[in-house]
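One structure below.
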Amino acid sequence: QKATRIAPSILAADFSQLGQEIQRLDQAGADYIHVDIMDGHFVPNISFGPSITKAVRPVTKKPFDVHLMISPIDLYIEAFVDAGADIITIHPEAGPHFHRTIQLIKSLGVKAGLALNPGTPVDIVDHVIDDLDLLLVMSVNPGFGGQSFIPGALGKISALRNKIDALGKDIDLEVDGGINFDTAPLAVEAGADLLVAGTATFRGGPDNYANNIKKLKGQ
Ligand code: DX5
Ligand code: ZN
């Protein structure tokens with residue numbers, strides 16, 4: 001388990017100045033930029049798509065951690081690679097063949113992640129884990145920021161930590177949803193090394209981003 005890193009979710013940013021918000025996150029010590037893509041079909045909310053992702057890509061060198069909550073999915077992978085995604089994370093329920101989708105992502109030279117909803121069992125990773133660079137445990141049902149952390153995620157994080165360590169592979173173990181100053185240490189203790197935080201990063205406005213990120217890291 002590596003040192004705790006933070007991936008602020010720009011879903012909680014001020015969209016009228018998205019580029020500037022991402023620059024502020026960069027300067028405030030964000031490790032990755034978490035980009036939530038929602039289609040109003042796979043999840044009951046719509047965020048934005050590849051063109052906005054591409055428009056803000058040049059403002060930082062930090063990795064873009066693109067979380068796709070869309071269905072169908074294979075059709076859009078190339079567009080997000082072209083938009084500058086460094087990691088593309090998919091949900092196994094987003095299409096009929098998630099093994100194929102992972103191969104597609106890897107074939108385009110981008111890192112691949114698999115996201116597990118609160119109701120999705122951890123064993124779903126077993127036959128694809130060799131091809132993965134990131135595992136994402138959803139600690140809320142996807143679709144909205146600002147929801148409460150579901151404690152059942154902790155057991156899943158521990159189980160996946162064991163799988164990753166047994167394999168000895170460099171896989172990020174990320175947790176997403178309801179991460180705040182109280183739940184961050186629980187997720188880290190369970191084995192997470194990458195924390196997505198929307199509401200908690202942006203709390204109090206731009207002057208507080210750096211301190212919020214520091215506190216989420218447990219510093
Ligand atoms: C939920 C998204 C999350 C969300 C997290 O569907 O995947 O990334 O933005 O927001 P907070 O940190 O506010 O729970
Ligand atoms: Zn997300």
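Convention: chains lettered A, B, ... in structure tokens order; per-chain residue numbering from 1; ligands numbered from 1 as shown.
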Item to check | All strand (DSSP E or B) residues (DSSP, backbone) inside region 24-203 of chain A, as a ChimeraX atom specification | outcome: /A:33-39,46,64-69,87-90,111-116,134-138,172-176,194-197
Which residues sit within 8 Å of ligand 1, counting only C-alpha atoms and all ligand atoms, listed as a PDB file with C-alpha atoms, in the first residue's frame?
ATOM      1  CA  PRO A   8     -10.377  15.488  -6.382  1.00  0.00           C
ATOM      2  CA  SER A   9     -13.587  14.990  -8.358  1.00  0.00           C
ATOM      3  CA  ILE A  10     -14.232  17.998 -10.565  1.00  0.00           C
ATOM      4  CA  LEU A  11     -17.935  17.170 -10.426  1.00  0.00           C
ATOM      5  CA  ALA A  12     -17.949  19.463  -7.375  1.00  0.00           C
ATOM      6  CA  HIS A  34     -10.936  12.595 -11.146  1.00  0.00           C
ATOM      7  CA  VAL A  35     -13.267  13.192 -14.085  1.00  0.00           C
ATOM      8  CA  ASP A  36     -16.818  11.858 -13.580  1.00  0.00           C
ATOM      9  CA  MET A  38     -22.404  10.541 -16.412  1.00  0.00           C
ATOM     10  CA  VAL A  43     -26.688   6.640 -13.851  1.00  0.00           C
ATOM     11  CA  HIS A  67     -14.512   7.462 -14.405  1.00  0.00           C
ATOM     12  CA  MET A  69     -20.600   5.937 -15.843  1.00  0.00           C
ATOM     13  CA  MET A 138     -17.699   2.751  -4.984  1.00  0.00           C
ATOM     14  CA  VAL A 140     -21.932   5.316  -2.759  1.00  0.00           C
ATOM     15  CA  ASN A 141     -24.203   4.371  -5.623  1.00  0.00           C
ATOM     16  CA  PRO A 142     -22.854   6.303  -8.613  1.00  0.00           C
ATOM     17  CA  GLY A 143     -24.630   9.346  -9.993  1.00  0.00           C
ATOM     18  CA  PHE A 144     -24.228  12.182  -7.518  1.00  0.00           C
ATOM     19  CA  GLY A 145     -21.664  13.928  -5.354  1.00  0.00           C
ATOM     20  CA  GLY A 146     -22.371  14.680  -1.720  1.00  0.00           C
ATOM     21  CA  GLN A 147     -23.779  11.293  -0.680  1.00  0.00           C
ATOM     22  CA  SER A 148     -22.960   9.412   2.546  1.00  0.00           C
ATOM     23  CA  PHE A 149     -20.222   6.775   2.705  1.00  0.00           C
ATOM     24  CA  ASP A 176     -15.050   6.926  -4.421  1.00  0.00           C
ATOM     25  CA  GLY A 177     -18.028   8.477  -2.647  1.00  0.00           C
ATOM     26  CA  GLY A 178     -18.609  10.149   0.703  1.00  0.00           C
ATOM     27  CA  ILE A 179     -14.900  10.546   1.480  1.00  0.00           C
ATOM     28  CA  ASN A 180     -14.372  13.225   4.135  1.00  0.00           C
ATOM     29  CA  VAL A 196     -11.606  10.434  -4.633  1.00  0.00           C
ATOM     30  CA  ALA A 197     -13.032  13.482  -2.904  1.00  0.00           C
ATOM     31  CA  GLY A 198     -15.481  15.947  -4.416  1.00  0.00           C
ATOM     32  CA  THR A 199     -17.398  17.733  -1.691  1.00  0.00           C
ATOM     33  CA  ALA A 200     -14.564  17.427   0.850  1.00  0.00           C
ATOM     34  CA  THR A 201     -11.916  18.933  -1.465  1.00  0.00           C
TER      35      THR A 201
END
Item to check | Point-to-point distance in Å for CA of Gly205 (chain A) and CA of Val56 (chain A) | outcome: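 Computing the Euclidean distance for CA of Val56 (chain A) and CA of Gly205 (chain A) yields 20.0 Å.
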Next on the checklist: Which residues are near Ala153 (chain A)? Cut-off 8 Å, only C-alpha atoms, ignore same chain within fewer than 5 positions. Put them as a ChimeraX atom specification.
Outcome noted: /A:118,137-139
Checklist entry - Using only C-alpha atoms, which residues sit within 10 Å of Ala30 (chain A) once same-chain residues fewer than 4 positions away are excluded, as JSON, numbers by chain? => result {"A": [5, 6, 7, 8, 22, 23, 24, 25, 26, 34, 62, 63, 201, 209, 210, 213, 214]}
Please dump the current selection as a compact mmCIF listing (two decimals), in the first residue's frame; keep C-alpha atoms.
# COMPACT_ATOMS: atom_id res chain seq x y z
CA ARG A 5 -2.95 10.12 -2.80
CA ILE A 6 -5.98 12.33 -3.50
CA ALA A 7 -8.01 12.52 -6.71
CA PRO A 8 -10.38 15.49 -6.38
CA ILE A 22 -8.31 22.34 -12.19
CA GLN A 23 -5.26 24.63 -12.01
CA ARG A 24 -6.14 25.41 -8.39
CA LEU A 25 -6.39 21.69 -7.61
CA ASP A 26 -3.02 21.11 -9.26
CA HIS A 34 -10.94 12.59 -11.15
CA LYS A 62 -1.56 15.76 -13.49
CA PRO A 63 -3.02 12.42 -14.66
CA THR A 201 -11.92 18.93 -1.47
CA TYR A 209 -8.36 23.34 -1.29
CA ALA A 210 -4.73 22.80 -0.22
CA ILE A 213 -6.29 17.84 0.45
CA LYS A 214 -3.60 17.77 3.15
Checklist entry - In Å, with one decimal, what is the gap from CA of Gly191 (chain A) to CA of Asp131 (chain A)? => result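 Result for CA of Gly191 (chain A) versus CA of Asp131 (chain A): 20.3 Å, one decimal.
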Item to check | A:Glu21, A:Gly168, A:Arg57, A:Glu174 ranked by distance to ligand 2, top pick (using only C-alpha atoms and all ligand atoms) | outcome: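 Among the listed residues, A:Glu174 lies closest to ligand 2.
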Checklist entry - For ligand 2, which of A:Val110, A:Val128, A:Leu75, A:Leu116 is the closest residue, counting only C-alpha atoms and all ligand atoms? => result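 Among the listed residues, A:Leu116 lies closest to ligand 2.
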Item to check | Shell of 10 Å around Ala184 (chain A), only C-alpha atoms, local chain residues under 2 positions omitted, as a list in words | outcome: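 Answer for this query is Thr4, Phe149, Val175, Gly178, Ile179, Asn180, Phe181, Asp182, Leu186, Ala187, Val188, Glu189, Ala190, Ala192, Leu194, Leu195, Val196, Ala197, Lys215, Leu216, Lys217 and Gly218 of chain A.
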Take the residues just selected and output them with N, CA and C atoms as a PDB file, in the first residue's frame.
ATOM      1  N   THR A   4      -0.926   7.696   0.795  1.00  0.00           N
ATOM      2  CA  THR A   4      -2.258   8.130   0.360  1.00  0.00           C
ATOM      3  C   THR A   4      -2.174   9.259  -0.664  1.00  0.00           C
ATOM      4  N   PHE A 149     -21.081   7.958   2.828  1.00  0.00           N
ATOM      5  CA  PHE A 149     -20.222   6.775   2.705  1.00  0.00           C
ATOM      6  C   PHE A 149     -20.963   5.529   3.187  1.00  0.00           C
ATOM      7  N   VAL A 175     -10.999   4.583  -3.767  1.00  0.00           N
ATOM      8  CA  VAL A 175     -12.339   4.568  -3.186  1.00  0.00           C
ATOM      9  C   VAL A 175     -13.035   5.871  -3.558  1.00  0.00           C
ATOM     10  N   GLY A 178     -18.453   9.887  -0.729  1.00  0.00           N
ATOM     11  CA  GLY A 178     -18.609  10.149   0.703  1.00  0.00           C
ATOM     12  C   GLY A 178     -17.308  10.195   1.483  1.00  0.00           C
ATOM     13  N   ILE A 179     -16.186  10.450   0.776  1.00  0.00           N
ATOM     14  CA  ILE A 179     -14.900  10.546   1.480  1.00  0.00           C
ATOM     15  C   ILE A 179     -14.785  11.945   2.103  1.00  0.00           C
ATOM     16  N   ASN A 180     -14.567  11.964   3.418  1.00  0.00           N
ATOM     17  CA  ASN A 180     -14.372  13.225   4.135  1.00  0.00           C
ATOM     18  C   ASN A 180     -13.299  13.009   5.206  1.00  0.00           C
ATOM     19  N   PHE A 181     -13.115  13.965   6.095  1.00  0.00           N
ATOM     20  CA  PHE A 181     -12.031  13.833   7.081  1.00  0.00           C
ATOM     21  C   PHE A 181     -12.269  12.661   8.038  1.00  0.00           C
ATOM     22  N   ASP A 182     -13.522  12.238   8.197  1.00  0.00           N
ATOM     23  CA  ASP A 182     -13.825  11.102   9.091  1.00  0.00           C
ATOM     24  C   ASP A 182     -13.679   9.762   8.379  1.00  0.00           C
ATOM     25  N   LEU A 186     -10.569   5.689   7.577  1.00  0.00           N
ATOM     26  CA  LEU A 186     -11.131   4.330   7.593  1.00  0.00           C
ATOM     27  C   LEU A 186     -10.799   3.613   6.284  1.00  0.00           C
ATOM     28  N   ALA A 187     -10.950   4.342   5.172  1.00  0.00           N
ATOM     29  CA  ALA A 187     -10.673   3.752   3.854  1.00  0.00           C
ATOM     30  C   ALA A 187      -9.189   3.412   3.716  1.00  0.00           C
ATOM     31  N   VAL A 188      -8.330   4.304   4.221  1.00  0.00           N
ATOM     32  CA  VAL A 188      -6.877   4.068   4.154  1.00  0.00           C
ATOM     33  C   VAL A 188      -6.505   2.873   5.027  1.00  0.00           C
ATOM     34  N   GLU A 189      -7.102   2.799   6.193  1.00  0.00           N
ATOM     35  CA  GLU A 189      -6.820   1.681   7.097  1.00  0.00           C
ATOM     36  C   GLU A 189      -7.247   0.347   6.472  1.00  0.00           C
ATOM     37  N   ALA A 190      -8.330   0.391   5.707  1.00  0.00           N
ATOM     38  CA  ALA A 190      -8.809  -0.832   5.052  1.00  0.00           C
ATOM     39  C   ALA A 190      -7.917  -1.231   3.873  1.00  0.00           C
ATOM     40  N   ALA A 192      -7.044   1.285   1.051  1.00  0.00           N
ATOM     41  CA  ALA A 192      -7.102   2.181  -0.111  1.00  0.00           C
ATOM     42  C   ALA A 192      -5.871   3.089  -0.141  1.00  0.00           C
ATOM     43  N   LEU A 194      -5.734   5.547  -2.859  1.00  0.00           N
ATOM     44  CA  LEU A 194      -6.134   6.662  -3.722  1.00  0.00           C
ATOM     45  C   LEU A 194      -7.577   7.029  -3.360  1.00  0.00           C
ATOM     46  N   LEU A 195      -7.770   8.251  -2.887  1.00  0.00           N
ATOM     47  CA  LEU A 195      -9.091   8.665  -2.406  1.00  0.00           C
ATOM     48  C   LEU A 195      -9.687   9.708  -3.347  1.00  0.00           C
ATOM     49  N   VAL A 196     -10.865   9.424  -3.872  1.00  0.00           N
ATOM     50  CA  VAL A 196     -11.606  10.434  -4.633  1.00  0.00           C
ATOM     51  C   VAL A 196     -12.335  11.300  -3.607  1.00  0.00           C
ATOM     52  N   ALA A 197     -12.291  12.604  -3.807  1.00  0.00           N
ATOM     53  CA  ALA A 197     -13.032  13.482  -2.904  1.00  0.00           C
ATOM     54  C   ALA A 197     -13.544  14.681  -3.675  1.00  0.00           C
ATOM     55  N   LYS A 215      -5.418  17.468   4.717  1.00  0.00           N
ATOM     56  CA  LYS A 215      -6.128  16.763   5.797  1.00  0.00           C
ATOM     57  C   LYS A 215      -6.653  15.402   5.326  1.00  0.00           C
ATOM     58  N   LEU A 216      -7.112  15.333   4.088  1.00  0.00           N
ATOM     59  CA  LEU A 216      -7.589  14.053   3.552  1.00  0.00           C
ATOM     60  C   LEU A 216      -6.448  13.037   3.478  1.00  0.00           C
ATOM     61  N   LYS A 217      -5.226  13.545   3.275  1.00  0.00           N
ATOM     62  CA  LYS A 217      -4.056  12.660   3.241  1.00  0.00           C
ATOM     63  C   LYS A 217      -3.630  12.241   4.645  1.00  0.00           C
ATOM     64  N   GLY A 218      -4.282  12.842   5.650  1.00  0.00           N
ATOM     65  CA  GLY A 218      -3.943  12.509   7.023  1.00  0.00           C
ATOM     66  C   GLY A 218      -2.713  13.255   7.523  1.00  0.00           C
TER      67      GLY A 218
END
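Proximity to ligand 2 was assessed for A:Gln17, A:Ser107, A:Thr89, A:Ser71 counting only C-alpha atoms and all ligand atoms; the smallest distance is recorded for A:Thr89.
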Item to check | Pairwise distance for CA of Pro206 (chain A) and CA of Ser51 (chain A), rounded to one decimal in Å | outcome: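 Answer for the CA of Pro206 (chain A) to CA of Ser51 (chain A) separation: 25.0 Å.
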Checklist entry - Nearest to His127 (chain A) among A:Lys111, A:Lys106, A:Lys54, A:Lys163, with distances taken over only C-alpha atoms: which residue is it? => result A:Lys163
Item to check | Contacts of Ala55 (chain A) within 10 Å, only C-alpha atoms, excl. fewer than 3 positions in-chain, as a VMD selection string | outcome: chain A and resid 18 to 19 50 to 52 58 to 59 83 to 84
Please, could you write that set of residues out with N, CA and C atoms as a PDB file, in the first residue's frame?
ATOM      1  N   LEU A  18     -14.020  25.967 -15.093  1.00  0.00           N
ATOM      2  CA  LEU A  18     -13.483  24.626 -14.875  1.00  0.00           C
ATOM      3  C   LEU A  18     -11.965  24.555 -15.032  1.00  0.00           C
ATOM      4  N   GLY A  19     -11.439  25.222 -16.046  1.00  0.00           N
ATOM      5  CA  GLY A  19      -9.989  25.187 -16.262  1.00  0.00           C
ATOM      6  C   GLY A  19      -9.240  25.757 -15.066  1.00  0.00           C
ATOM      7  N   PRO A  50     -16.617  14.015 -23.636  1.00  0.00           N
ATOM      8  CA  PRO A  50     -15.219  14.089 -24.067  1.00  0.00           C
ATOM      9  C   PRO A  50     -14.774  15.480 -24.522  1.00  0.00           C
ATOM     10  N   SER A  51     -15.674  16.288 -25.077  1.00  0.00           N
ATOM     11  CA  SER A  51     -15.196  17.579 -25.599  1.00  0.00           C
ATOM     12  C   SER A  51     -14.777  18.521 -24.474  1.00  0.00           C
ATOM     13  N   ILE A  52     -15.524  18.511 -23.379  1.00  0.00           N
ATOM     14  CA  ILE A  52     -15.137  19.361 -22.238  1.00  0.00           C
ATOM     15  C   ILE A  52     -13.888  18.795 -21.572  1.00  0.00           C
ATOM     16  N   PRO A  58      -5.301  20.550 -21.284  1.00  0.00           N
ATOM     17  CA  PRO A  58      -3.993  21.222 -21.315  1.00  0.00           C
ATOM     18  C   PRO A  58      -3.654  22.046 -20.065  1.00  0.00           C
ATOM     19  N   VAL A  59      -4.576  22.270 -19.145  1.00  0.00           N
ATOM     20  CA  VAL A  59      -4.285  23.192 -18.041  1.00  0.00           C
ATOM     21  C   VAL A  59      -3.434  22.568 -16.941  1.00  0.00           C
ATOM     22  N   ALA A  83      -9.308  12.569 -25.828  1.00  0.00           N
ATOM     23  CA  ALA A  83      -9.488  13.742 -24.959  1.00  0.00           C
ATOM     24  C   ALA A  83      -8.348  13.883 -23.960  1.00  0.00           C
ATOM     25  N   GLY A  84      -7.508  12.836 -23.845  1.00  0.00           N
ATOM     26  CA  GLY A  84      -6.345  12.942 -22.962  1.00  0.00           C
ATOM     27  C   GLY A  84      -6.438  12.187 -21.661  1.00  0.00           C
TER      28      GLY A  84
END
Next on the checklist: Quick check for you: according to DSSP on this backbone, which residues of region 24-180 of chain A are classed as alpha helix (DSSP H)? Reply as a VMD selection string.
Outcome noted: chain A and resid 24 to 27 50 to 56 74 to 82 98 to 107 153 to 167
Let's have the selection written as a compact mmCIF listing (two decimals), in the first residue's frame, with N, CA and C atoms.
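Listing of selection-v2.txt after writing:
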# COMPACT_ATOMS: atom_id res chain seq x y z
N ARG A 24 -6.19 25.25 -9.85
CA ARG A 24 -6.14 25.41 -8.39
C ARG A 24 -5.90 24.07 -7.71
N LEU A 25 -6.57 23.02 -8.20
CA LEU A 25 -6.39 21.69 -7.61
C LEU A 25 -4.95 21.21 -7.80
N ASP A 26 -4.41 21.47 -8.96
CA ASP A 26 -3.02 21.11 -9.26
C ASP A 26 -2.11 21.77 -8.22
N GLN A 27 -2.27 23.08 -8.04
CA GLN A 27 -1.42 23.83 -7.11
C GLN A 27 -1.68 23.43 -5.66
N PRO A 50 -16.62 14.01 -23.64
CA PRO A 50 -15.22 14.09 -24.07
C PRO A 50 -14.77 15.48 -24.52
N SER A 51 -15.67 16.29 -25.08
CA SER A 51 -15.20 17.58 -25.60
C SER A 51 -14.78 18.52 -24.47
N ILE A 52 -15.52 18.51 -23.38
CA ILE A 52 -15.14 19.36 -22.24
C ILE A 52 -13.89 18.79 -21.57
N THR A 53 -13.81 17.47 -21.50
CA THR A 53 -12.61 16.83 -20.94
C THR A 53 -11.38 17.27 -21.73
N LYS A 54 -11.50 17.22 -23.04
CA LYS A 54 -10.38 17.59 -23.91
C LYS A 54 -10.03 19.08 -23.79
N ALA A 55 -11.06 19.91 -23.62
CA ALA A 55 -10.83 21.36 -23.54
C ALA A 55 -10.01 21.74 -22.30
N VAL A 56 -10.21 21.01 -21.20
CA VAL A 56 -9.49 21.38 -19.97
C VAL A 56 -8.21 20.57 -19.78
N ASP A 74 -18.24 0.92 -25.19
CA ASP A 74 -17.12 0.70 -26.13
C ASP A 74 -17.04 1.80 -27.20
N LEU A 75 -18.21 2.27 -27.59
CA LEU A 75 -18.31 3.32 -28.61
C LEU A 75 -17.54 4.59 -28.25
N TYR A 76 -17.37 4.86 -26.96
CA TYR A 76 -16.84 6.15 -26.52
C TYR A 76 -15.42 6.10 -25.97
N ILE A 77 -14.85 4.88 -25.89
CA ILE A 77 -13.51 4.77 -25.30
C ILE A 77 -12.49 5.61 -26.08
N GLU A 78 -12.52 5.49 -27.38
CA GLU A 78 -11.53 6.21 -28.19
C GLU A 78 -11.63 7.73 -28.01
N ALA A 79 -12.85 8.21 -27.87
CA ALA A 79 -13.04 9.65 -27.70
C ALA A 79 -12.40 10.14 -26.39
N PHE A 80 -12.46 9.31 -25.35
CA PHE A 80 -11.84 9.73 -24.08
C PHE A 80 -10.32 9.57 -24.11
N VAL A 81 -9.83 8.62 -24.87
CA VAL A 81 -8.37 8.51 -25.08
C VAL A 81 -7.90 9.75 -25.82
N ASP A 82 -8.62 10.12 -26.86
CA ASP A 82 -8.30 11.30 -27.65
C ASP A 82 -8.41 12.58 -26.81
N PHE A 98 -17.21 -6.84 -20.43
CA PHE A 98 -16.24 -5.89 -19.85
C PHE A 98 -14.80 -6.32 -20.06
N HIS A 99 -14.53 -7.62 -20.25
CA HIS A 99 -13.17 -8.06 -20.59
C HIS A 99 -12.74 -7.40 -21.90
N ARG A 100 -13.63 -7.41 -22.87
CA ARG A 100 -13.33 -6.79 -24.17
C ARG A 100 -13.09 -5.29 -24.01
N THR A 101 -13.90 -4.63 -23.20
CA THR A 101 -13.73 -3.19 -23.02
C THR A 101 -12.37 -2.88 -22.41
N ILE A 102 -11.94 -3.69 -21.45
CA ILE A 102 -10.62 -3.50 -20.83
C ILE A 102 -9.51 -3.68 -21.88
N GLN A 103 -9.65 -4.71 -22.73
CA GLN A 103 -8.64 -4.92 -23.79
C GLN A 103 -8.60 -3.73 -24.74
N LEU A 104 -9.77 -3.19 -25.04
CA LEU A 104 -9.86 -2.03 -25.93
C LEU A 104 -9.10 -0.84 -25.34
N ILE A 105 -9.32 -0.58 -24.05
CA ILE A 105 -8.64 0.54 -23.38
C ILE A 105 -7.12 0.33 -23.44
N LYS A 106 -6.68 -0.89 -23.09
CA LYS A 106 -5.24 -1.18 -23.06
C LYS A 106 -4.64 -1.09 -24.47
N SER A 107 -5.41 -1.51 -25.47
CA SER A 107 -4.88 -1.50 -26.85
C SER A 107 -4.64 -0.08 -27.33
N ALA A 153 -18.35 -0.77 2.14
CA ALA A 153 -17.23 -0.64 1.20
C ALA A 153 -15.91 -1.04 1.85
N LEU A 154 -15.81 -0.88 3.16
CA LEU A 154 -14.53 -1.13 3.85
C LEU A 154 -14.08 -2.58 3.73
N GLY A 155 -15.02 -3.51 3.91
CA GLY A 155 -14.69 -4.93 3.78
C GLY A 155 -14.25 -5.26 2.36
N LYS A 156 -14.84 -4.59 1.38
CA LYS A 156 -14.48 -4.84 -0.01
C LYS A 156 -13.08 -4.29 -0.31
N ILE A 157 -12.76 -3.14 0.28
CA ILE A 157 -11.41 -2.57 0.10
C ILE A 157 -10.37 -3.55 0.67
N SER A 158 -10.62 -4.09 1.87
CA SER A 158 -9.66 -5.04 2.48
C SER A 158 -9.49 -6.27 1.61
N ALA A 159 -10.61 -6.80 1.11
CA ALA A 159 -10.55 -8.01 0.27
C ALA A 159 -9.74 -7.74 -1.00
N LEU A 160 -9.92 -6.57 -1.59
CA LEU A 160 -9.19 -6.24 -2.82
C LEU A 160 -7.72 -5.95 -2.51
N ARG A 161 -7.45 -5.34 -1.36
CA ARG A 161 -6.06 -5.12 -0.94
C ARG A 161 -5.33 -6.45 -0.87
N ASN A 162 -5.99 -7.48 -0.31
CA ASN A 162 -5.39 -8.81 -0.21
C ASN A 162 -5.12 -9.40 -1.59
N LYS A 163 -6.08 -9.24 -2.49
CA LYS A 163 -5.89 -9.77 -3.85
C LYS A 163 -4.71 -9.08 -4.54
N ILE A 164 -4.63 -7.75 -4.42
CA ILE A 164 -3.55 -6.99 -5.07
C ILE A 164 -2.19 -7.41 -4.50
N ASP A 165 -2.12 -7.51 -3.18
CA ASP A 165 -0.85 -7.86 -2.55
C ASP A 165 -0.43 -9.29 -2.89
N ALA A 166 -1.41 -10.19 -2.97
CA ALA A 166 -1.11 -11.59 -3.31
C ALA A 166 -0.53 -11.67 -4.72
N LEU A 167 -1.01 -10.79 -5.59
CA LEU A 167 -0.57 -10.78 -6.98
C LEU A 167 0.77 -10.06 -7.13
